[in-house]
$ cat start10.cif   # mmCIF, N, CA and C atoms
data_data
loop_
_atom_site.label_atom_id
_atom_site.label_comp_id
_atom_site.auth_asym_id
_atom_site.auth_seq_id
_atom_site.Cartn_x
_atom_site.Cartn_y
_atom_site.Cartn_z
N MET T 227 -1.74 -7.20 5.84
CA MET T 227 -0.33 -7.10 6.16
C MET T 227 0.35 -8.46 6.08
N GLU T 228 -0.42 -9.53 6.18
CA GLU T 228 0.19 -10.87 6.11
C GLU T 228 0.81 -11.12 4.74
N ARG T 229 0.18 -10.59 3.69
CA ARG T 229 0.75 -10.74 2.35
C ARG T 229 2.08 -10.00 2.22
N ILE T 230 2.16 -8.84 2.85
CA ILE T 230 3.41 -8.07 2.82
C ILE T 230 4.51 -8.86 3.52
N LYS T 231 4.19 -9.40 4.69
CA LYS T 231 5.17 -10.20 5.43
C LYS T 231 5.59 -11.42 4.61
N ALA T 232 4.63 -12.07 3.96
CA ALA T 232 4.95 -13.25 3.14
C ALA T 232 5.87 -12.88 1.97
N LEU T 233 5.63 -11.73 1.37
CA LEU T 233 6.48 -11.26 0.26
C LEU T 233 7.92 -11.09 0.73
N PHE T 234 8.11 -10.46 1.88
CA PHE T 234 9.45 -10.16 2.34
C PHE T 234 10.15 -11.34 3.00
N GLU T 235 9.41 -12.38 3.36
CA GLU T 235 10.03 -13.62 3.82
C GLU T 235 10.75 -14.31 2.66
N LYS T 236 10.39 -13.97 1.43
CA LYS T 236 11.03 -14.55 0.24
C LYS T 236 12.34 -13.84 -0.13
N ASP T 237 12.68 -12.76 0.56
CA ASP T 237 13.87 -11.97 0.24
C ASP T 237 15.11 -12.69 0.76
N GLN T 238 15.78 -13.41 -0.12
CA GLN T 238 16.93 -14.22 0.26
C GLN T 238 18.15 -13.39 0.66
N PHE T 239 18.34 -12.23 0.03
CA PHE T 239 19.49 -11.39 0.37
C PHE T 239 19.32 -10.82 1.78
N ALA T 240 18.10 -10.44 2.14
CA ALA T 240 17.84 -9.95 3.49
C ALA T 240 18.12 -11.06 4.51
N LYS T 241 17.69 -12.28 4.20
CA LYS T 241 17.97 -13.41 5.11
C LYS T 241 19.47 -13.60 5.27
N LEU T 242 20.19 -13.59 4.17
CA LEU T 242 21.64 -13.75 4.21
C LEU T 242 22.30 -12.65 5.04
N SER T 243 21.73 -11.45 5.01
CA SER T 243 22.26 -10.31 5.73
C SER T 243 21.82 -10.27 7.19
N GLY T 244 20.91 -11.17 7.57
CA GLY T 244 20.42 -11.20 8.95
C GLY T 244 19.38 -10.15 9.25
N ILE T 245 18.62 -9.73 8.25
CA ILE T 245 17.61 -8.68 8.42
C ILE T 245 16.26 -9.31 8.75
N GLU T 246 15.57 -8.72 9.71
CA GLU T 246 14.27 -9.18 10.14
C GLU T 246 13.26 -8.05 10.02
N LEU T 247 12.10 -8.34 9.45
CA LEU T 247 11.00 -7.37 9.39
C LEU T 247 10.30 -7.40 10.74
N VAL T 248 10.35 -6.28 11.47
CA VAL T 248 9.78 -6.20 12.81
C VAL T 248 8.32 -5.81 12.77
N ALA T 249 7.99 -4.80 11.95
CA ALA T 249 6.61 -4.31 11.87
C ALA T 249 6.38 -3.68 10.52
N VAL T 250 5.13 -3.77 10.07
CA VAL T 250 4.72 -3.09 8.84
C VAL T 250 3.27 -2.68 8.99
N SER T 251 2.98 -1.45 8.58
CA SER T 251 1.61 -0.93 8.55
C SER T 251 1.54 0.03 7.37
N ALA T 252 0.40 0.58 7.10
CA ALA T 252 0.22 1.43 5.93
C ALA T 252 1.23 2.57 5.91
N GLY T 253 2.16 2.52 4.94
CA GLY T 253 3.15 3.58 4.76
C GLY T 253 4.31 3.55 5.73
N LYS T 254 4.42 2.52 6.55
CA LYS T 254 5.49 2.43 7.55
C LYS T 254 6.04 1.02 7.63
N ALA T 255 7.31 0.92 8.02
CA ALA T 255 7.91 -0.39 8.27
C ALA T 255 9.13 -0.21 9.16
N THR T 256 9.39 -1.23 9.96
CA THR T 256 10.58 -1.27 10.80
C THR T 256 11.27 -2.61 10.58
N ALA T 257 12.59 -2.54 10.40
CA ALA T 257 13.41 -3.73 10.24
C ALA T 257 14.61 -3.62 11.16
N ARG T 258 15.21 -4.77 11.49
CA ARG T 258 16.38 -4.77 12.36
C ARG T 258 17.44 -5.73 11.83
N MET T 259 18.66 -5.47 12.25
CA MET T 259 19.78 -6.32 11.86
C MET T 259 20.74 -6.39 13.04
N VAL T 260 20.94 -7.60 13.57
CA VAL T 260 21.92 -7.81 14.63
C VAL T 260 23.28 -7.88 13.96
N LEU T 261 24.21 -7.07 14.44
CA LEU T 261 25.52 -6.95 13.80
C LEU T 261 26.45 -8.09 14.21
N ASN T 262 27.15 -8.61 13.19
CA ASN T 262 28.14 -9.67 13.37
C ASN T 262 29.36 -9.32 12.54
N ALA T 263 30.42 -10.09 12.70
CA ALA T 263 31.68 -9.81 12.00
C ALA T 263 31.51 -9.75 10.49
N HIS T 264 30.57 -10.52 9.93
CA HIS T 264 30.40 -10.50 8.47
C HIS T 264 29.80 -9.19 7.96
N HIS T 265 29.36 -8.31 8.86
CA HIS T 265 28.85 -6.99 8.47
C HIS T 265 29.96 -5.94 8.41
N TRP T 266 31.15 -6.26 8.90
CA TRP T 266 32.22 -5.28 9.03
C TRP T 266 32.97 -5.04 7.73
N ASN T 267 33.44 -3.82 7.59
CA ASN T 267 34.36 -3.48 6.50
C ASN T 267 35.80 -3.64 7.00
N GLY T 268 36.77 -3.21 6.22
CA GLY T 268 38.17 -3.34 6.60
C GLY T 268 38.57 -2.53 7.81
N LEU T 269 37.77 -1.54 8.18
CA LEU T 269 38.07 -0.70 9.34
C LEU T 269 37.47 -1.24 10.63
N GLY T 270 36.69 -2.32 10.52
CA GLY T 270 36.05 -2.89 11.70
C GLY T 270 34.74 -2.23 12.07
N THR T 271 34.20 -1.44 11.16
CA THR T 271 32.88 -0.85 11.36
C THR T 271 31.92 -1.45 10.34
N VAL T 272 30.63 -1.19 10.54
CA VAL T 272 29.63 -1.79 9.64
C VAL T 272 29.79 -1.24 8.23
N HIS T 273 29.84 -2.15 7.29
CA HIS T 273 29.98 -1.80 5.87
C HIS T 273 28.78 -0.97 5.43
N GLY T 274 29.04 0.08 4.66
CA GLY T 274 27.97 0.93 4.16
C GLY T 274 26.93 0.16 3.37
N GLY T 275 27.37 -0.87 2.66
CA GLY T 275 26.43 -1.69 1.90
C GLY T 275 25.45 -2.43 2.79
N ALA T 276 25.90 -2.85 3.97
CA ALA T 276 25.02 -3.53 4.91
C ALA T 276 23.98 -2.56 5.45
N ILE T 277 24.41 -1.34 5.76
CA ILE T 277 23.48 -0.32 6.25
C ILE T 277 22.47 0.03 5.16
N PHE T 278 22.95 0.19 3.93
CA PHE T 278 22.06 0.50 2.81
C PHE T 278 21.04 -0.62 2.62
N THR T 279 21.50 -1.87 2.70
CA THR T 279 20.60 -3.01 2.52
C THR T 279 19.50 -3.01 3.56
N LEU T 280 19.83 -2.74 4.81
CA LEU T 280 18.83 -2.67 5.87
C LEU T 280 17.82 -1.56 5.58
N ALA T 281 18.31 -0.38 5.23
CA ALA T 281 17.42 0.75 4.94
C ALA T 281 16.55 0.45 3.72
N ASP T 282 17.13 -0.13 2.69
CA ASP T 282 16.39 -0.45 1.47
C ASP T 282 15.29 -1.47 1.74
N PHE T 283 15.57 -2.43 2.60
CA PHE T 283 14.57 -3.43 2.96
C PHE T 283 13.37 -2.78 3.65
N ALA T 284 13.63 -1.89 4.61
CA ALA T 284 12.53 -1.20 5.30
C ALA T 284 11.74 -0.33 4.31
N PHE T 285 12.45 0.36 3.42
CA PHE T 285 11.83 1.16 2.36
C PHE T 285 10.93 0.29 1.49
N ALA T 286 11.42 -0.87 1.09
CA ALA T 286 10.64 -1.76 0.24
C ALA T 286 9.37 -2.22 0.96
N ALA T 287 9.49 -2.58 2.22
CA ALA T 287 8.31 -3.02 2.97
C ALA T 287 7.29 -1.89 3.10
N ALA T 288 7.74 -0.69 3.42
CA ALA T 288 6.82 0.44 3.54
C ALA T 288 6.16 0.77 2.22
N SER T 289 6.92 0.75 1.13
CA SER T 289 6.37 1.14 -0.16
C SER T 289 5.41 0.09 -0.73
N ASN T 290 5.52 -1.15 -0.28
CA ASN T 290 4.60 -2.20 -0.71
C ASN T 290 3.45 -2.39 0.28
N SER T 291 3.43 -1.65 1.36
CA SER T 291 2.48 -1.86 2.45
C SER T 291 1.02 -1.60 2.09
N HIS T 292 0.79 -0.89 1.00
CA HIS T 292 -0.60 -0.61 0.60
C HIS T 292 -1.18 -1.72 -0.26
N GLY T 293 -0.35 -2.75 -0.55
CA GLY T 293 -0.82 -3.89 -1.32
C GLY T 293 -0.56 -3.81 -2.81
N THR T 294 -0.06 -2.68 -3.27
CA THR T 294 0.31 -2.52 -4.68
C THR T 294 1.81 -2.73 -4.80
N LEU T 295 2.24 -3.56 -5.75
CA LEU T 295 3.67 -3.78 -5.93
C LEU T 295 4.38 -2.47 -6.22
N ALA T 296 5.50 -2.27 -5.57
CA ALA T 296 6.28 -1.05 -5.75
C ALA T 296 7.76 -1.45 -5.86
N VAL T 297 8.47 -0.80 -6.76
CA VAL T 297 9.90 -1.05 -6.94
C VAL T 297 10.65 0.28 -6.89
N ALA T 298 11.86 0.23 -6.39
CA ALA T 298 12.66 1.45 -6.25
C ALA T 298 13.06 1.99 -7.62
N ILE T 299 12.97 3.31 -7.76
CA ILE T 299 13.49 3.96 -8.96
C ILE T 299 14.59 4.96 -8.61
N ASN T 300 14.71 5.26 -7.33
CA ASN T 300 15.78 6.15 -6.88
C ASN T 300 15.98 5.94 -5.39
N ALA T 301 17.24 5.96 -4.96
CA ALA T 301 17.54 5.85 -3.54
C ALA T 301 18.89 6.50 -3.28
N ASN T 302 18.98 7.14 -2.12
CA ASN T 302 20.27 7.68 -1.70
C ASN T 302 20.37 7.59 -0.18
N ILE T 303 21.60 7.63 0.30
CA ILE T 303 21.83 7.49 1.73
C ILE T 303 22.94 8.41 2.17
N SER T 304 22.80 8.94 3.36
CA SER T 304 23.85 9.74 3.99
C SER T 304 24.20 9.06 5.30
N PHE T 305 25.48 8.79 5.49
CA PHE T 305 25.95 8.15 6.71
C PHE T 305 26.35 9.23 7.71
N THR T 306 25.85 9.14 8.95
CA THR T 306 26.10 10.18 9.94
C THR T 306 27.02 9.74 11.06
N LYS T 307 27.14 8.42 11.27
CA LYS T 307 27.95 7.91 12.37
C LYS T 307 28.30 6.46 12.09
N ALA T 308 29.48 6.04 12.51
CA ALA T 308 29.89 4.65 12.34
C ALA T 308 29.23 3.77 13.41
N ALA T 309 29.03 2.51 13.09
CA ALA T 309 28.53 1.52 14.04
C ALA T 309 29.39 0.27 13.90
N SER T 310 29.50 -0.51 14.97
CA SER T 310 30.32 -1.72 14.86
C SER T 310 29.72 -2.92 15.59
N THR T 311 29.00 -2.69 16.67
CA THR T 311 28.44 -3.81 17.42
C THR T 311 26.99 -3.51 17.78
N GLY T 312 26.32 -4.55 18.24
CA GLY T 312 24.94 -4.38 18.70
C GLY T 312 23.93 -4.66 17.60
N GLU T 313 23.03 -3.72 17.42
CA GLU T 313 21.91 -3.89 16.50
C GLU T 313 21.61 -2.57 15.81
N LEU T 314 21.18 -2.66 14.57
CA LEU T 314 20.70 -1.48 13.85
C LEU T 314 19.22 -1.67 13.56
N ARG T 315 18.47 -0.57 13.62
CA ARG T 315 17.05 -0.56 13.28
C ARG T 315 16.83 0.45 12.17
N ALA T 316 15.96 0.10 11.26
CA ALA T 316 15.59 1.01 10.17
C ALA T 316 14.08 1.25 10.27
N GLU T 317 13.71 2.52 10.38
CA GLU T 317 12.30 2.89 10.44
C GLU T 317 11.96 3.73 9.21
N ALA T 318 11.11 3.15 8.37
CA ALA T 318 10.70 3.81 7.13
C ALA T 318 9.33 4.44 7.31
N ARG T 319 9.18 5.62 6.71
CA ARG T 319 7.86 6.26 6.74
C ARG T 319 7.60 6.94 5.39
N GLU T 320 6.36 6.91 5.02
CA GLU T 320 5.92 7.48 3.76
C GLU T 320 5.82 9.00 3.89
N ILE T 321 6.40 9.70 2.92
CA ILE T 321 6.33 11.16 2.88
C ILE T 321 5.22 11.61 1.94
N ALA T 322 5.12 10.95 0.78
CA ALA T 322 4.11 11.29 -0.22
C ALA T 322 3.81 10.05 -1.06
N ARG T 323 2.58 9.96 -1.56
CA ARG T 323 2.20 8.82 -2.41
C ARG T 323 1.07 9.26 -3.33
N ASN T 324 1.19 8.85 -4.60
CA ASN T 324 0.10 9.03 -5.53
C ASN T 324 -0.06 7.74 -6.32
N PHE T 325 -0.80 7.78 -7.40
CA PHE T 325 -1.09 6.57 -8.17
C PHE T 325 0.17 5.89 -8.69
N LYS T 326 1.19 6.65 -9.08
CA LYS T 326 2.39 6.08 -9.71
C LYS T 326 3.63 6.05 -8.82
N LEU T 327 3.76 7.01 -7.89
CA LEU T 327 5.00 7.16 -7.15
C LEU T 327 4.76 7.23 -5.64
N GLY T 328 5.78 6.82 -4.89
CA GLY T 328 5.77 6.98 -3.44
C GLY T 328 7.15 7.44 -3.00
N THR T 329 7.20 8.33 -2.04
CA THR T 329 8.46 8.86 -1.52
C THR T 329 8.55 8.51 -0.05
N TYR T 330 9.74 8.04 0.37
CA TYR T 330 9.94 7.52 1.71
C TYR T 330 11.25 8.00 2.31
N THR T 331 11.25 8.14 3.63
CA THR T 331 12.45 8.43 4.39
C THR T 331 12.67 7.29 5.36
N VAL T 332 13.93 6.87 5.50
CA VAL T 332 14.27 5.81 6.44
C VAL T 332 15.38 6.32 7.35
N GLU T 333 15.16 6.20 8.65
CA GLU T 333 16.20 6.51 9.62
C GLU T 333 16.76 5.20 10.15
N VAL T 334 18.08 5.07 10.07
CA VAL T 334 18.77 3.91 10.62
C VAL T 334 19.44 4.35 11.91
N THR T 335 19.12 3.66 13.00
CA THR T 335 19.67 4.00 14.31
C THR T 335 20.32 2.78 14.95
N ASP T 336 21.21 3.05 15.91
CA ASP T 336 21.82 1.95 16.65
C ASP T 336 20.98 1.63 17.89
N GLN T 337 21.46 0.70 18.71
CA GLN T 337 20.70 0.27 19.89
C GLN T 337 20.53 1.38 20.93
N ASP T 338 21.33 2.43 20.82
CA ASP T 338 21.20 3.57 21.74
C ASP T 338 20.34 4.69 21.16
N GLY T 339 19.78 4.47 19.98
CA GLY T 339 18.94 5.48 19.35
C GLY T 339 19.71 6.54 18.59
N GLN T 340 21.02 6.35 18.45
CA GLN T 340 21.85 7.30 17.71
C GLN T 340 21.64 7.12 16.21
N LEU T 341 21.49 8.23 15.48
CA LEU T 341 21.29 8.17 14.03
C LEU T 341 22.58 7.72 13.34
N ILE T 342 22.50 6.65 12.58
CA ILE T 342 23.63 6.10 11.84
C ILE T 342 23.57 6.52 10.38
N ALA T 343 22.37 6.56 9.82
CA ALA T 343 22.22 6.93 8.41
C ALA T 343 20.80 7.42 8.15
N LEU T 344 20.71 8.26 7.12
CA LEU T 344 19.42 8.77 6.66
C LEU T 344 19.29 8.40 5.18
N PHE T 345 18.24 7.68 4.85
CA PHE T 345 17.99 7.13 3.51
C PHE T 345 16.72 7.77 2.96
N GLN T 346 16.74 8.11 1.69
CA GLN T 346 15.53 8.58 1.01
C GLN T 346 15.35 7.76 -0.25
N GLY T 347 14.12 7.35 -0.50
CA GLY T 347 13.85 6.54 -1.67
C GLY T 347 12.55 6.91 -2.34
N MET T 348 12.50 6.66 -3.65
CA MET T 348 11.28 6.86 -4.42
C MET T 348 10.94 5.53 -5.09
N ALA T 349 9.68 5.15 -5.02
CA ALA T 349 9.21 3.89 -5.57
C ALA T 349 8.20 4.13 -6.68
N TYR T 350 8.29 3.30 -7.71
CA TYR T 350 7.30 3.28 -8.77
C TYR T 350 6.25 2.24 -8.39
N ARG T 351 5.00 2.64 -8.38
CA ARG T 351 3.91 1.76 -7.99
C ARG T 351 3.33 1.09 -9.25
N LYS T 352 3.48 -0.22 -9.32
CA LYS T 352 3.04 -0.98 -10.48
C LYS T 352 1.53 -1.24 -10.43
N LYS T 353 1.02 -1.84 -11.48
CA LYS T 353 -0.41 -2.15 -11.54
C LYS T 353 -0.75 -3.42 -10.76
N GLU T 354 0.22 -4.33 -10.64
CA GLU T 354 -0.02 -5.59 -9.98
C GLU T 354 -0.11 -5.41 -8.46
N SER T 355 -0.80 -6.36 -7.85
CA SER T 355 -0.89 -6.32 -6.38
C SER T 355 0.14 -7.27 -5.78
N VAL T 356 0.42 -7.06 -4.52
CA VAL T 356 1.34 -7.94 -3.79
C VAL T 356 0.81 -9.36 -3.84
N GLY T 357 -0.50 -9.54 -3.75
CA GLY T 357 -1.10 -10.86 -3.81
C GLY T 357 -0.79 -11.61 -5.09
N ASP T 358 -0.58 -10.90 -6.20
CA ASP T 358 -0.23 -11.55 -7.47
C ASP T 358 1.11 -12.26 -7.38
N VAL T 359 2.01 -11.78 -6.56
CA VAL T 359 3.35 -12.34 -6.43
C VAL T 359 3.39 -13.41 -5.33
N VAL T 360 2.65 -13.19 -4.27
CA VAL T 360 2.70 -14.07 -3.10
C VAL T 360 1.94 -15.36 -3.34
N GLU T 361 0.79 -15.27 -3.99
CA GLU T 361 -0.07 -16.46 -4.13
C GLU T 361 0.32 -17.34 -5.28
#
$ encode --input "start10.cif" --output "structure tokens"
Amino acid sequence: MERIKALFEKDQFAKLSGIELVAVSAGKATARMVLNAHHWNGLGTVHGGAIFTLADFAFAAASNSHGTLAVAINANISFTKAASTGELRAEAREIARNFKLGTYTVEVTDQDGQLIALFQGMAYRKKESVGDVVE
């Protein structure tokens, strides 16, 4: 798991967005983002792109958690509730995985456990290992 953490420490966009990888294990990952004014859209709520970025980051960590490089080939998100302050958490879990593909669901919740968004993603599993990129 240390290689997975090292890979995602290199994610500059996640750093810029204030995203932190909280936990990663086989087929699962949790990430968090403390909300600040730079996350807001014109309505004063969290921009959908910020929520998507958090969910995508957790998806990426979960899909790479087996040590094989994986890249997104499809992703979609449904927003269920607005958020504006506090913290968001994204919990990714593996639904299915084979030699070439992995399917994941990510739930994004606020600090009260309220569902903010539901993300689904499919990853293509490459031949290279995470170690090939990290080392």
$ resolve_selection --input "start10.cif" --expression "the PyMOL selection byres (((chain T and resi 280-287 and name CA) around 6) and name CA)" --output "PyMOL selection string"
chain T and resi 255-257+277-279+288-291+316+318
$ resolve_selection --input "start10.cif" --expression "the PyMOL selection byres ((chain T and resi 338-354) around 5)" --output "tab-separated table (two decimals) with N, CA and C atoms, in the frame of the given file"
chain	number	residue	atom	x	y	z
T	294	THR	N	-0.06	-2.68	-3.27
T	294	THR	CA	0.31	-2.52	-4.68
T	294	THR	C	1.81	-2.73	-4.80
T	295	LEU	N	2.24	-3.56	-5.75
T	295	LEU	CA	3.67	-3.78	-5.93
T	295	LEU	C	4.38	-2.47	-6.22
T	296	ALA	N	5.50	-2.27	-5.57
T	296	ALA	CA	6.28	-1.05	-5.75
T	296	ALA	C	7.76	-1.45	-5.86
T	297	VAL	N	8.47	-0.80	-6.76
T	297	VAL	CA	9.90	-1.05	-6.94
T	297	VAL	C	10.65	0.28	-6.89
T	298	ALA	N	11.86	0.23	-6.39
T	298	ALA	CA	12.66	1.45	-6.25
T	298	ALA	C	13.06	1.99	-7.62
T	299	ILE	N	12.97	3.31	-7.76
T	299	ILE	CA	13.49	3.96	-8.96
T	299	ILE	C	14.59	4.96	-8.61
T	300	ASN	N	14.71	5.26	-7.33
T	300	ASN	CA	15.78	6.15	-6.88
T	300	ASN	C	15.98	5.94	-5.39
T	301	ALA	N	17.24	5.96	-4.96
T	301	ALA	CA	17.54	5.85	-3.54
T	301	ALA	C	18.89	6.50	-3.28
T	302	ASN	N	18.98	7.14	-2.12
T	302	ASN	CA	20.27	7.68	-1.70
T	302	ASN	C	20.37	7.59	-0.18
T	303	ILE	N	21.60	7.63	0.30
T	303	ILE	CA	21.83	7.49	1.73
T	303	ILE	C	22.94	8.41	2.17
T	304	SER	N	22.80	8.94	3.36
T	304	SER	CA	23.85	9.74	3.99
T	304	SER	C	24.20	9.06	5.30
T	305	PHE	N	25.48	8.79	5.49
T	305	PHE	CA	25.95	8.15	6.71
T	305	PHE	C	26.35	9.23	7.71
T	306	THR	N	25.85	9.14	8.95
T	306	THR	CA	26.10	10.18	9.94
T	306	THR	C	27.02	9.74	11.06
T	307	LYS	N	27.14	8.42	11.27
T	307	LYS	CA	27.95	7.91	12.37
T	307	LYS	C	28.30	6.46	12.09
T	326	LYS	N	1.19	6.65	-9.08
T	326	LYS	CA	2.39	6.08	-9.71
T	326	LYS	C	3.63	6.05	-8.82
T	327	LEU	N	3.76	7.01	-7.89
T	327	LEU	CA	5.00	7.16	-7.15
T	327	LEU	C	4.76	7.23	-5.64
T	328	GLY	N	5.78	6.82	-4.89
T	328	GLY	CA	5.77	6.98	-3.44
T	328	GLY	C	7.15	7.44	-3.00
T	329	THR	N	7.20	8.33	-2.04
T	329	THR	CA	8.46	8.86	-1.52
T	329	THR	C	8.55	8.51	-0.05
T	330	TYR	N	9.74	8.04	0.37
T	330	TYR	CA	9.94	7.52	1.71
T	330	TYR	C	11.25	8.00	2.31
T	331	THR	N	11.25	8.14	3.63
T	331	THR	CA	12.45	8.43	4.39
T	331	THR	C	12.67	7.29	5.36
T	332	VAL	N	13.93	6.87	5.50
T	332	VAL	CA	14.27	5.81	6.44
T	332	VAL	C	15.38	6.32	7.35
T	333	GLU	N	15.16	6.20	8.65
T	333	GLU	CA	16.20	6.51	9.62
T	333	GLU	C	16.76	5.20	10.15
T	334	VAL	N	18.08	5.07	10.07
T	334	VAL	CA	18.77	3.91	10.62
T	334	VAL	C	19.44	4.35	11.91
T	335	THR	N	19.12	3.66	13.00
T	335	THR	CA	19.67	4.00	14.31
T	335	THR	C	20.32	2.78	14.95
T	336	ASP	N	21.21	3.05	15.91
T	336	ASP	CA	21.82	1.95	16.65
T	336	ASP	C	20.98	1.63	17.89
T	337	GLN	N	21.46	0.70	18.71
T	337	GLN	CA	20.70	0.27	19.89
T	337	GLN	C	20.53	1.38	20.93
T	355	SER	N	-0.80	-6.36	-7.85
T	355	SER	CA	-0.89	-6.32	-6.38
T	355	SER	C	0.14	-7.27	-5.78
T	356	VAL	N	0.42	-7.06	-4.52
T	356	VAL	CA	1.34	-7.94	-3.79
T	356	VAL	C	0.81	-9.36	-3.84
$ residues_near_point --input "start10.cif" --point "(29.5, -0.7, 16.6)" --cutoff "8 Å" --atoms "all atoms listed in the file" --output "PyMOL selection string"
chain T and resi 261+270-272+308-313
$ select_by_dssp --input "start10.cif" --residues "region 240-287 of chain T" --states "strand (DSSP E)" --output "list in words"
Ile245, Glu246, Leu247, Val248, Ala249, Val250, Ser251, Lys254, Ala255, Thr256, Ala257, Arg258, Met259 and Val260 of chain T
$ resolve_selection --input "start10.cif" --expression "the PyMOL selection byres ((chain T and resi 247) around 6.5)" --output "PyMOL selection string"
chain T and resi 245-246+248-250+256-258
$ axis_aligned_box --input "start10.cif" --around "region 263-269 of chain T" --padding-each-side "5 Å" --output "JSON"
{"center_x": 33.7, "center_y": -5.6, "center_z": 9.5, "size_x": 19.7, "size_y": 19.8, "size_z": 16.5}
$ atom_distance --input "start10.cif" --atom1 "atom N of Leu233 (chain T)" --atom2 "CA of Gly357 (chain T)"
8.5 Å
$ atom_distance --input "start10.cif" --atom1 "CA of Asn267 (chain T)" --atom2 "CA of Lys236 (chain T)"
26.6 Å
$ select_by_dssp --input "start10.cif" --residues "chain T" --states "helix (DSSP H, G or I)" --output "ChimeraX atom specification"
/T:228-235,238-243,263-265,274-290,356-360
$ atom_distance --input "start10.cif" --atom1 "CA of Lys241 (chain T)" --atom2 "CA of Arg323 (chain T)"
28.3 Å
$ closest_residue --input "start10.cif" --among "T:Lys254, T:Ile230, T:Ala276, T:Leu242" --to "Arg319 (chain T)" --atoms "only C-alpha atoms"
T:Lys254
$ closest_residue --input "start10.cif" --among "T:His264, T:Arg229, T:Arg315, T:His273" --to "His292 (chain T)" --atoms "only C-alpha atoms"
T:Arg229
